[in-house]
Amino acid sequence: MDRYENIAIRAALMLIGVFFIAVIGLAILKGIDVPTCITDFPPFKEGKVIKLSDKEYQVQILARMWRFEPNRIEIPAGSKVIIYTTSADVQHGFEIEGKAVNLMAIPGAVNKAEVVFNKPGTYRFVCNEFCGIGHQAMYGEIIVK
Ligand code: CUA
């Protein structure tokens, strides 16, 4: 191996290290959570919003062709929202615009994410998994006051 090969390999390994540290470090710094598939929460048959405390809400999102239940959620600014998703029929997606939430909604299974809404505004959520002819009509909004 000549000198330049050696330098190139060292540089590549160093870059991998830098990227790895950057990704892990940013995830920890920004509090980004990896969505988890949980098995202890049974699939539910209806969507609902449950107020756990003044600043904490549990939202059960039921996806079906072609709407979300509920599709309009109102919460006060500064609230933490624990989101569970499932589906009544086929596989759907659940993505909140402007937030790091991107879950699958799968029949027979439940997915979970936690997100804090500090800034007042309207946050749209959409189905991002093609689920048939009414796919583009699957959306809703979270209104933060
Ligand atoms: Cu539901 Cu696309």
# chains A, B, ... in the order shown; residues from 1 in each chain; ligands from 1
call {"tool": "residues_near_ligand", "arguments": {"ligand": "ligand 1", "cutoff": "6 Å", "atoms": "only C-alpha atoms and all ligand atoms", "output": "number ranges by chain"}}
result
A: 66, 92, 127-131, 135, 138
call {"tool": "write_last_selection", "arguments": {"atoms": "C-alpha atoms", "output": "CSV table (one decimal), in the first residue's frame"}}
result
chain,number,residue,atom,x,y,z
A,66,TRP,CA,-59.8,7.4,3.7
A,92,HIS,CA,-51.5,3.9,6.2
A,127,CYS,CA,-51.2,9.9,5.2
A,128,ASN,CA,-47.9,9.4,3.5
A,129,GLU,CA,-48.4,5.8,2.5
A,130,PHE,CA,-50.4,5.2,-0.7
A,131,CYS,CA,-53.6,3.5,0.4
A,135,HIS,CA,-55.3,8.6,-0.3
A,138,MET,CA,-56.4,11.7,4.2
call {"tool": "select_by_dssp", "arguments": {"residues": "chain A", "states": "alpha helix (DSSP H)", "output": "VMD selection string"}}
result
chain A and resid 3 to 29
call {"tool": "write_last_selection", "arguments": {"atoms": "N, CA and C atoms", "output": "compact mmCIF listing (two decimals), in the first residue's frame"}}
result
# COMPACT_ATOMS: atom_id res chain seq x y z
N ARG A 3 1.69 5.43 0.12
CA ARG A 3 1.41 6.46 1.12
C ARG A 3 0.02 7.10 0.91
N TYR A 4 -0.32 7.33 -0.38
CA TYR A 4 -1.58 8.03 -0.67
C TYR A 4 -2.81 7.16 -0.35
N GLU A 5 -2.67 5.87 -0.64
CA GLU A 5 -3.76 4.95 -0.28
C GLU A 5 -4.00 4.99 1.23
N ASN A 6 -2.91 4.97 1.94
CA ASN A 6 -2.97 5.01 3.40
C ASN A 6 -3.71 6.26 3.89
N ILE A 7 -3.34 7.41 3.31
CA ILE A 7 -3.99 8.68 3.69
C ILE A 7 -5.47 8.64 3.34
N ALA A 8 -5.80 8.11 2.14
CA ALA A 8 -7.19 8.07 1.70
C ALA A 8 -8.03 7.21 2.63
N ILE A 9 -7.50 6.06 3.02
CA ILE A 9 -8.24 5.16 3.91
C ILE A 9 -8.44 5.80 5.28
N ARG A 10 -7.38 6.41 5.79
CA ARG A 10 -7.49 7.09 7.09
C ARG A 10 -8.54 8.21 7.04
N ALA A 11 -8.51 8.98 5.96
CA ALA A 11 -9.45 10.10 5.82
C ALA A 11 -10.89 9.58 5.76
N ALA A 12 -11.10 8.47 5.00
CA ALA A 12 -12.45 7.91 4.88
C ALA A 12 -12.94 7.42 6.23
N LEU A 13 -12.08 6.74 6.98
CA LEU A 13 -12.47 6.24 8.29
C LEU A 13 -12.78 7.39 9.24
N MET A 14 -11.99 8.46 9.15
CA MET A 14 -12.23 9.61 10.02
C MET A 14 -13.57 10.25 9.70
N LEU A 15 -13.88 10.36 8.39
CA LEU A 15 -15.17 10.95 7.98
C LEU A 15 -16.34 10.14 8.50
N ILE A 16 -16.22 8.80 8.41
CA ILE A 16 -17.29 7.93 8.93
C ILE A 16 -17.49 8.22 10.41
N GLY A 17 -16.37 8.36 11.13
CA GLY A 17 -16.44 8.66 12.57
C GLY A 17 -17.13 9.99 12.82
N VAL A 18 -16.75 11.01 12.03
CA VAL A 18 -17.34 12.35 12.20
C VAL A 18 -18.85 12.30 11.95
N PHE A 19 -19.27 11.63 10.86
CA PHE A 19 -20.70 11.55 10.55
C PHE A 19 -21.46 10.81 11.65
N PHE A 20 -20.86 9.72 12.11
CA PHE A 20 -21.52 8.91 13.14
C PHE A 20 -21.74 9.75 14.40
N ILE A 21 -20.70 10.46 14.82
CA ILE A 21 -20.82 11.29 16.02
C ILE A 21 -21.83 12.41 15.79
N ALA A 22 -21.82 13.01 14.58
CA ALA A 22 -22.75 14.10 14.28
C ALA A 22 -24.20 13.62 14.35
N VAL A 23 -24.48 12.46 13.77
CA VAL A 23 -25.86 11.94 13.76
C VAL A 23 -26.34 11.61 15.17
N ILE A 24 -25.53 10.88 15.92
CA ILE A 24 -25.92 10.50 17.28
C ILE A 24 -26.02 11.75 18.16
N GLY A 25 -25.01 12.64 18.04
CA GLY A 25 -24.99 13.85 18.86
C GLY A 25 -26.19 14.73 18.61
N LEU A 26 -26.54 14.94 17.33
CA LEU A 26 -27.69 15.79 17.00
C LEU A 26 -28.99 15.17 17.49
N ALA A 27 -29.10 13.85 17.34
CA ALA A 27 -30.32 13.17 17.79
C ALA A 27 -30.51 13.37 19.29
N ILE A 28 -29.43 13.28 20.04
CA ILE A 28 -29.52 13.46 21.50
C ILE A 28 -29.80 14.93 21.82
N LEU A 29 -29.07 15.84 21.16
CA LEU A 29 -29.24 17.28 21.41
C LEU A 29 -30.66 17.75 21.12
call {"tool": "residues_around", "arguments": {"residues": "segment 98-113 of chain A", "least_positions_apart": "5", "cutoff": "7 Å", "atoms": "only C-alpha atoms", "output": "PyMOL selection string"}}
result
chain A and resi 35-38+41-43+63+82-93
call {"tool": "select_by_dssp", "arguments": {"residues": "chain A", "states": "strand (DSSP E or B)", "output": "VMD selection string"}}
result
chain A and resid 36 to 38 48 to 53 56 to 64 67 to 69 72 to 75 79 to 87 92 to 96 101 to 105 107 110 to 117 121 to 126 139 to 144
call {"tool": "residues_around", "arguments": {"residues": "Arg72 of chain A", "least_positions_apart": "4", "cutoff": "8 Å", "atoms": "only C-alpha atoms", "output": "MDAnalysis selection string"}}
result
chainID A and resid 140:143
call {"tool": "atom_distance", "arguments": {"atom1": "atom CA of Tyr139 of chain A", "atom2": "atom CA of Phe125 of chain A"}}
result
5.5 Å
call {"tool": "atom_distance", "arguments": {"atom1": "atom CA of Glu46 of chain A", "atom2": "atom CA of Leu62 of chain A"}}
result
6.0 Å
call {"tool": "atom_distance", "arguments": {"atom1": "atom CA of Ile96 of chain A", "atom2": "atom CA of Lys55 of chain A"}}
result
19.1 Å
call {"tool": "residues_around", "arguments": {"residues": "Glu97 of chain A", "least_positions_apart": "5", "cutoff": "8 Å", "atoms": "only C-alpha atoms", "output": "JSON list (two decimals) with N, CA, C and O atoms, in the first residue's frame"}}
result
[["chain", "number", "residue", "atom", "x", "y", "z"],
["A", 123, "TYR", "N", -50.84, 22.57, 12.68],
["A", 123, "TYR", "CA", -49.92, 21.55, 12.17],
["A", 123, "TYR", "C", -50.75, 20.51, 11.42],
["A", 123, "TYR", "O", -51.58, 19.84, 12.03],
["A", 124, "ARG", "N", -50.52, 20.43, 10.13],
["A", 124, "ARG", "CA", -51.25, 19.45, 9.34],
["A", 124, "ARG", "C", -50.62, 18.07, 9.49],
["A", 124, "ARG", "O", -49.40, 17.95, 9.60],
["A", 125, "PHE", "N", -51.45, 17.05, 9.51],
["A", 125, "PHE", "CA", -50.89, 15.71, 9.41],
["A", 125, "PHE", "C", -51.49, 15.02, 8.22],
["A", 125, "PHE", "O", -52.63, 15.29, 7.83],
["A", 126, "VAL", "N", -50.71, 14.17, 7.58],
["A", 126, "VAL", "CA", -51.14, 13.54, 6.33],
["A", 126, "VAL", "C", -50.82, 12.04, 6.35],
["A", 126, "VAL", "O", -49.98, 11.59, 7.11]]
call {"tool": "closest_residue", "arguments": {"among": "A:Val49, A:Lys30, A:Tyr57, A:Gly132", "to": "Asn71 of chain A", "atoms": "only C-alpha atoms"}}
result
A:Val49
call {"tool": "closest_residue", "arguments": {"among": "A:Ile32, A:Ile133, A:Val116, A:Ile73", "to": "Gly47 of chain A", "atoms": "only C-alpha atoms"}}
result
A:Ile73
